[in-house]
Each structure stands twice: as structure tokens, then as C-alpha cells.
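Step one of this worksheet: look at the structure below.
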Amino acid sequence: MPKIAKGDRLESVAFEYIKNKITTGVYPTGYRVVEAKLSHELNMSRTPIRRAIINLCHSGFLVHQYNRGAFVQNTEINITEFFSRMKLVELLIYESTEKLVLREDYIVVDDIIKIAEKVIYYEKNREYELMRGAFEDFISIFIGKLNNDYFNRVIQDLWNEVNDNATNEVRLIIVSASDRIAEELANMIEILKSWNYGQLKDCFQHIMNAMILIAF
């Protein structure tokens with residue numbers, strides 16, 4: 001039974017407990033999640049567990065089958081699924097770039113430059129896991145310039161999903177394209193410093209193309 005800190009919502013505790021069982025493989029694909037069993041394991045009523053299961057269905061970890069219950073969904077993210085998610089990232093990046101172009105005098109970009117420099121530093125020193133995490137942060141911070149809480153949650157959930165469920169091939173894409181990513185981020189730093197933001201889209205497109213070439 002997980003330790004429940006004061007102030008924690010039971011629904012959140014149940015959600016994280018079940019999610020952890022799924023992502024660690026304790027609950028394999030096709031496993032039926034049973035409210036009564038979880039109620040006993042977690043020593044809580046079935047209501048917060050039921051809500052957690054509903055949220056896990058919405059998040060793609062579980063799938064509900066009529067008159068049968070909730071079952072663990074195949075959450076593995078392969079290369080094709082990864083790039084379908086990257087299409088959403090690409091659209092949000094373009095939206096954020098448009099906002100920078102329209103309001104260039106009013107949006108601070110120092111944090112974007114700082115994290116881009118960190119990505120380049122890690123790539124130069126071949127600290128690839130740190131580089132991959134910093135690159136994900138770079139994307140999140142860039143999209144954060146849209147100042148939209150919903151988009152921020154979408155991107156955070158996307159990275160969490162990729163880190164939890166990606167195949168080994170997917171995990172290696174960013175690392176394998178690290179030199180091209182670092183090169184384009186260096187170009188972006190110069191663009192951000194010069195306020196000529198319209199060129200940022202080309203840099204992002206080059207990064208996407210590099211990852212696609214590595215993957216396929």
C-alpha cells in the first residue's frame with residue numbers, strides 16, 4: 001500500500017498506484033483492473049478508485065470494455081506513434097513562433113536561450129541522457145510562451161508518456177540526431193538574440209527532418 005501524505009487526494013493516489021503497476025509491467029497488456037481488489041490493496045473505498053480508472057482510460061493507460069471492465073491498454077510507443085505525437089509538438093511550436101513574431105518586444109526569451117545552451121553543452125560532452133531531457137525541457141519552455149495551461153499540460157503528459165512507454169528505438173532517436181539538434185539550436189540562439197524570429201520554423205523543421213532520417 002502506498003504511503004498517503006496529508007492532503008493527498010485519494011483519487012490521485014489510486015491513479016499513480018495503478019499507473020505505476022502498468023508502466024513497470026506488473027499489470028501487463030490485457031490485464032483486467034478490478035476495483036474490489038484495489039480497494040483492499042489501498043485500503044480505500046471504491047469511489048476514488050473508480051474515478052482513477054476513468055482518468056486512466058482518458059489518459060490511454062486503460063481501455064473500458066462494455067460489461068467486462070477496464071483492461072490495460074497497449075501503451076508501447078513505437079517510431080510511427082512517436083512521430084504522430086511529434087506532429088502535435090510541431091504545430092504548437094509553430095504557434096509559439098508566430099506569437100514571438102507578433103509580440104517580439106514583449107516576450108522574454110532568455111530562458112529559451114539558456115536551456116538551448118544546456119542542450120548543446122550536454123551534446124558536446126556526450127552526456128546524452130541529460131541532453132535528451134534538456135531538449136524535452138527546451139520544447140516545453142518554447143511552447144510555454146503560448147501561455148496556455150492546457151497546452152503546457154498536453155506537452156508535459158506527452159513527454160511523460162514517451163519516457164514511460166517508448167521503445168528502445170524511439171529513445172535513441174533524439175540521441176542519434178543529437179549533433180544536428182545541437183547545430184540547429186546554436187542557430188536558434190543567434191536568431192533569438194537577433195529577434196529575427198521568423199527563421200525559427202526552419203530550424204525546427206530541420207530538427208524534425210533529422211529525426212525522421214535517423215528513424216527511417
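Identifiers in the C-alpha cells: chain A, B, ... in order shown; residue index from 1 per chain; ligand index from 1 in order shown.
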Would you tabulate, counting only C-alpha atoms, all residues of range 33-83 of chain A that have an atom at most 6 Å from an atom of range 11-22 of chain A, showing the closest pair of atoms and their distance in Å to one decimal, sorted by chain then ascending number, as JSON lines?
```
{"residue": "A:Pro48", "atom": "CA", "partner": "A:Glu11", "partner_atom": "CA", "distance": 4.4}
{"residue": "A:Ile49", "atom": "CA", "partner": "A:Ala14", "partner_atom": "CA", "distance": 5.7}
{"residue": "A:Ala52", "atom": "CA", "partner": "A:Phe15", "partner_atom": "CA", "distance": 4.7}
```
At most 10 Å is the cut-off: for each residue in range 17-112 of chain A with any atom that close to an atom of range 169-175 of chain A, write down the nearest atom pair and the distance in Å rounded to one decimal, counting only C-alpha atoms, chain first then increasing number, as a Markdown table.
```
| residue | atom | partner | partner_atom | distance |
| --- | --- | --- | --- | --- |
| A:Ile77 | CA | A:Val170 | CA | 7.7 |
| A:Asn78 | CA | A:Val170 | CA | 6.4 |
| A:Ile79 | CA | A:Val170 | CA | 5.6 |
| A:Thr80 | CA | A:Val170 | CA | 9.2 |
| A:Glu81 | CA | A:Val170 | CA | 9.5 |
| A:Phe82 | CA | A:Val170 | CA | 7.1 |
| A:Phe83 | CA | A:Val170 | CA | 9.4 |
```
Export of prior selection with all heavy atoms as a PDB file, in the first residue's frame:
```pdb
ATOM      1  N   ILE A  77       4.986   2.899 -27.214  1.00  0.00           N
ATOM      2  CA  ILE A  77       5.088   3.915 -28.265  1.00  0.00           C
ATOM      3  C   ILE A  77       6.209   3.525 -29.218  1.00  0.00           C
ATOM      4  O   ILE A  77       7.387   3.537 -28.843  1.00  0.00           O
ATOM      5  CB  ILE A  77       5.356   5.306 -27.665  1.00  0.00           C
ATOM      6  CG1 ILE A  77       4.194   5.732 -26.768  1.00  0.00           C
ATOM      7  CG2 ILE A  77       5.579   6.338 -28.764  1.00  0.00           C
ATOM      8  CD1 ILE A  77       4.411   7.034 -26.063  1.00  0.00           C
ATOM      9  N   ASN A  78       5.830   3.149 -30.439  1.00  0.00           N
ATOM     10  CA  ASN A  78       6.839   2.806 -31.439  1.00  0.00           C
ATOM     11  C   ASN A  78       7.191   4.057 -32.247  1.00  0.00           C
ATOM     12  O   ASN A  78       6.709   5.162 -31.971  1.00  0.00           O
ATOM     13  CB  ASN A  78       6.359   1.667 -32.333  1.00  0.00           C
ATOM     14  CG  ASN A  78       5.057   2.000 -33.057  1.00  0.00           C
ATOM     15  OD1 ASN A  78       4.774   3.165 -33.361  1.00  0.00           O
ATOM     16  ND2 ASN A  78       4.260   0.987 -33.346  1.00  0.00           N
ATOM     17  N   ILE A  79       8.016   3.874 -33.256  1.00  0.00           N
ATOM     18  CA  ILE A  79       8.508   5.023 -34.026  1.00  0.00           C
ATOM     19  C   ILE A  79       7.372   5.776 -34.723  1.00  0.00           C
ATOM     20  O   ILE A  79       7.312   7.013 -34.684  1.00  0.00           O
ATOM     21  CB  ILE A  79       9.557   4.558 -35.055  1.00  0.00           C
ATOM     22  CG1 ILE A  79      10.850   4.172 -34.320  1.00  0.00           C
ATOM     23  CG2 ILE A  79       9.847   5.653 -36.083  1.00  0.00           C
ATOM     24  CD1 ILE A  79      11.913   3.582 -35.212  1.00  0.00           C
ATOM     25  N   THR A  80       6.453   5.037 -35.329  1.00  0.00           N
ATOM     26  CA  THR A  80       5.332   5.683 -36.027  1.00  0.00           C
ATOM     27  C   THR A  80       4.478   6.496 -35.064  1.00  0.00           C
ATOM     28  O   THR A  80       4.106   7.644 -35.363  1.00  0.00           O
ATOM     29  CB  THR A  80       4.464   4.627 -36.734  1.00  0.00           C
ATOM     30  OG1 THR A  80       5.265   3.907 -37.662  1.00  0.00           O
ATOM     31  CG2 THR A  80       3.305   5.290 -37.470  1.00  0.00           C
ATOM     32  N   GLU A  81       4.187   5.925 -33.894  1.00  0.00           N
ATOM     33  CA  GLU A  81       3.365   6.625 -32.905  1.00  0.00           C
ATOM     34  C   GLU A  81       4.100   7.835 -32.330  1.00  0.00           C
ATOM     35  O   GLU A  81       3.495   8.865 -32.027  1.00  0.00           O
ATOM     36  CB  GLU A  81       2.962   5.653 -31.794  1.00  0.00           C
ATOM     37  CG  GLU A  81       1.958   4.600 -32.273  1.00  0.00           C
ATOM     38  CD  GLU A  81       1.854   3.426 -31.332  1.00  0.00           C
ATOM     39  OE1 GLU A  81       2.772   3.240 -30.506  1.00  0.00           O
ATOM     40  OE2 GLU A  81       0.864   2.684 -31.431  1.00  0.00           O
ATOM     41  N   PHE A  82       5.412   7.706 -32.192  1.00  0.00           N
ATOM     42  CA  PHE A  82       6.213   8.825 -31.694  1.00  0.00           C
ATOM     43  C   PHE A  82       6.095  10.023 -32.633  1.00  0.00           C
ATOM     44  O   PHE A  82       5.855  11.152 -32.199  1.00  0.00           O
ATOM     45  CB  PHE A  82       7.677   8.401 -31.557  1.00  0.00           C
ATOM     46  CG  PHE A  82       8.617   9.523 -31.221  1.00  0.00           C
ATOM     47  CD1 PHE A  82       8.644  10.067 -29.948  1.00  0.00           C
ATOM     48  CD2 PHE A  82       9.482  10.038 -32.179  1.00  0.00           C
ATOM     49  CE1 PHE A  82       9.516  11.107 -29.630  1.00  0.00           C
ATOM     50  CE2 PHE A  82      10.356  11.071 -31.880  1.00  0.00           C
ATOM     51  CZ  PHE A  82      10.376  11.608 -30.600  1.00  0.00           C
ATOM     52  N   PHE A  83       6.225   9.774 -33.936  1.00  0.00           N
ATOM     53  CA  PHE A  83       6.176  10.890 -34.879  1.00  0.00           C
ATOM     54  C   PHE A  83       4.763  11.447 -35.055  1.00  0.00           C
ATOM     55  O   PHE A  83       4.600  12.618 -35.400  1.00  0.00           O
ATOM     56  CB  PHE A  83       6.790  10.492 -36.221  1.00  0.00           C
ATOM     57  CG  PHE A  83       8.294  10.553 -36.199  1.00  0.00           C
ATOM     58  CD1 PHE A  83       9.045   9.403 -36.165  1.00  0.00           C
ATOM     59  CD2 PHE A  83       8.941  11.768 -36.159  1.00  0.00           C
ATOM     60  CE1 PHE A  83      10.431   9.458 -36.115  1.00  0.00           C
ATOM     61  CE2 PHE A  83      10.325  11.851 -36.110  1.00  0.00           C
ATOM     62  CZ  PHE A  83      11.073  10.689 -36.085  1.00  0.00           C
TER      63      PHE A  83
END
```
Which of range 10-89 of chain A fall in alpha helix (DSSP H), as a PyMOL selection string: chain A and resi 10-23+35-42+46-58+79-89
Please, could you write that set of residues out with C-alpha atoms as an mmCIF file, in the first residue's frame?
```cif
data_model
loop_
_atom_site.group_PDB
_atom_site.id
_atom_site.type_symbol
_atom_site.label_atom_id
_atom_site.label_comp_id
_atom_site.auth_asym_id
_atom_site.auth_seq_id
_atom_site.Cartn_x
_atom_site.Cartn_y
_atom_site.Cartn_z
ATOM 1 C CA LEU A 10 -7.296 9.511 -2.699
ATOM 2 C CA GLU A 11 -8.156 9.592 -6.392
ATOM 3 C CA SER A 12 -4.632 10.840 -7.227
ATOM 4 C CA VAL A 13 -3.043 8.200 -5.017
ATOM 5 C CA ALA A 14 -5.046 5.457 -6.736
ATOM 6 C CA PHE A 15 -4.226 6.896 -10.174
ATOM 7 C CA GLU A 16 -0.465 6.898 -9.545
ATOM 8 C CA TYR A 17 -0.580 3.457 -7.923
ATOM 9 C CA ILE A 18 -2.330 1.845 -10.903
ATOM 10 C CA LYS A 19 -0.252 3.789 -13.427
ATOM 11 C CA ASN A 20 2.953 2.599 -11.747
ATOM 12 C CA LYS A 21 1.742 -1.009 -11.909
ATOM 13 C CA ILE A 22 1.133 -0.562 -15.645
ATOM 14 C CA THR A 23 4.378 1.241 -16.543
ATOM 15 C CA GLU A 35 -11.968 -2.202 -8.229
ATOM 16 C CA ALA A 36 -12.626 -4.557 -5.304
ATOM 17 C CA LYS A 37 -9.067 -5.884 -5.320
ATOM 18 C CA LEU A 38 -7.591 -2.375 -5.477
ATOM 19 C CA SER A 39 -9.909 -1.236 -2.706
ATOM 20 C CA HIS A 40 -8.448 -3.945 -0.489
ATOM 21 C CA GLU A 41 -4.848 -3.226 -1.522
ATOM 22 C CA LEU A 42 -5.132 0.521 -0.999
ATOM 23 C CA ARG A 46 -14.096 2.055 -4.440
ATOM 24 C CA THR A 47 -15.295 5.549 -5.414
ATOM 25 C CA PRO A 48 -11.846 7.216 -5.754
ATOM 26 C CA ILE A 49 -10.527 4.055 -7.418
ATOM 27 C CA ARG A 50 -13.364 4.163 -9.946
ATOM 28 C CA ARG A 51 -12.564 7.804 -10.712
ATOM 29 C CA ALA A 52 -8.874 6.967 -11.088
ATOM 30 C CA ILE A 53 -9.717 4.173 -13.523
ATOM 31 C CA ILE A 54 -11.861 6.556 -15.580
ATOM 32 C CA ASN A 55 -8.969 9.046 -15.722
ATOM 33 C CA LEU A 56 -6.566 6.273 -16.709
ATOM 34 C CA CYS A 57 -8.926 5.379 -19.561
ATOM 35 C CA HIS A 58 -8.895 9.014 -20.689
ATOM 36 C CA ILE A 79 8.508 5.023 -34.026
ATOM 37 C CA THR A 80 5.332 5.683 -36.027
ATOM 38 C CA GLU A 81 3.365 6.625 -32.905
ATOM 39 C CA PHE A 82 6.213 8.825 -31.694
ATOM 40 C CA PHE A 83 6.176 10.890 -34.879
ATOM 41 C CA SER A 84 2.391 11.188 -34.811
ATOM 42 C CA ARG A 85 2.850 12.854 -31.420
ATOM 43 C CA MET A 86 5.678 14.996 -32.750
ATOM 44 C CA LYS A 87 3.239 16.415 -35.307
ATOM 45 C CA LEU A 88 1.305 17.950 -32.422
ATOM 46 C CA VAL A 89 4.558 19.281 -30.956
#
```
Residue contacts of range 143-158 of chain A (6 Å, only C-alpha atoms) excluding same-chain residues fewer than 3 positions away, as a list in words: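 Non-adjacent residues within range: Ile93, Ser96, Ser140 and Glu161 of chain A.
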Considering only C-alpha atoms, give me a table of residues in range 156-199 of chain A that are at most 12 Å from range 114-137 of chain A, with the closest atom pair and distance in Å for each, as JSON lines.
```
{"residue": "A:Gln156", "atom": "CA", "partner": "A:Glu136", "partner_atom": "CA", "distance": 9.1}
{"residue": "A:Asp157", "atom": "CA", "partner": "A:Glu136", "partner_atom": "CA", "distance": 11.7}
{"residue": "A:Leu158", "atom": "CA", "partner": "A:Glu136", "partner_atom": "CA", "distance": 10.1}
{"residue": "A:Trp159", "atom": "CA", "partner": "A:Glu136", "partner_atom": "CA", "distance": 7.1}
{"residue": "A:Asn160", "atom": "CA", "partner": "A:Glu136", "partner_atom": "CA", "distance": 10.1}
{"residue": "A:Val162", "atom": "CA", "partner": "A:Glu136", "partner_atom": "CA", "distance": 10.5}
{"residue": "A:Asn163", "atom": "CA", "partner": "A:Gly133", "partner_atom": "CA", "distance": 9.6}
{"residue": "A:Val170", "atom": "CA", "partner": "A:Arg132", "partner_atom": "CA", "distance": 11.6}
{"residue": "A:Arg171", "atom": "CA", "partner": "A:Arg132", "partner_atom": "CA", "distance": 8.8}
{"residue": "A:Leu172", "atom": "CA", "partner": "A:Arg132", "partner_atom": "CA", "distance": 9.3}
{"residue": "A:Ile173", "atom": "CA", "partner": "A:Arg132", "partner_atom": "CA", "distance": 9.5}
{"residue": "A:Ile174", "atom": "CA", "partner": "A:Arg132", "partner_atom": "CA", "distance": 6.4}
{"residue": "A:Val175", "atom": "CA", "partner": "A:Tyr128", "partner_atom": "CA", "distance": 5.9}
{"residue": "A:Ser176", "atom": "CA", "partner": "A:Tyr128", "partner_atom": "CA", "distance": 9.1}
{"residue": "A:Ala177", "atom": "CA", "partner": "A:Glu123", "partner_atom": "CA", "distance": 10.1}
{"residue": "A:Ser178", "atom": "CA", "partner": "A:Glu123", "partner_atom": "CA", "distance": 6.4}
{"residue": "A:Asp179", "atom": "CA", "partner": "A:Glu123", "partner_atom": "CA", "distance": 7.0}
{"residue": "A:Arg180", "atom": "CA", "partner": "A:Glu123", "partner_atom": "CA", "distance": 10.1}
{"residue": "A:Ile181", "atom": "CA", "partner": "A:Ile120", "partner_atom": "CA", "distance": 8.3}
{"residue": "A:Ala182", "atom": "CA", "partner": "A:Ile120", "partner_atom": "CA", "distance": 5.0}
{"residue": "A:Glu183", "atom": "CA", "partner": "A:Ile120", "partner_atom": "CA", "distance": 8.0}
{"residue": "A:Glu184", "atom": "CA", "partner": "A:Ile120", "partner_atom": "CA", "distance": 9.7}
{"residue": "A:Leu185", "atom": "CA", "partner": "A:Ala116", "partner_atom": "CA", "distance": 6.0}
{"residue": "A:Ala186", "atom": "CA", "partner": "A:Ile120", "partner_atom": "CA", "distance": 7.5}
{"residue": "A:Asn187", "atom": "CA", "partner": "A:Ala116", "partner_atom": "CA", "distance": 10.1}
{"residue": "A:Met188", "atom": "CA", "partner": "A:Ala116", "partner_atom": "CA", "distance": 8.3}
{"residue": "A:Ile189", "atom": "CA", "partner": "A:Ala116", "partner_atom": "CA", "distance": 7.2}
{"residue": "A:Glu190", "atom": "CA", "partner": "A:Ala116", "partner_atom": "CA", "distance": 10.9}
{"residue": "A:Leu192", "atom": "CA", "partner": "A:Ala116", "partner_atom": "CA", "distance": 10.7}
{"residue": "A:Lys193", "atom": "CA", "partner": "A:Lys114", "partner_atom": "CA", "distance": 11.5}
```
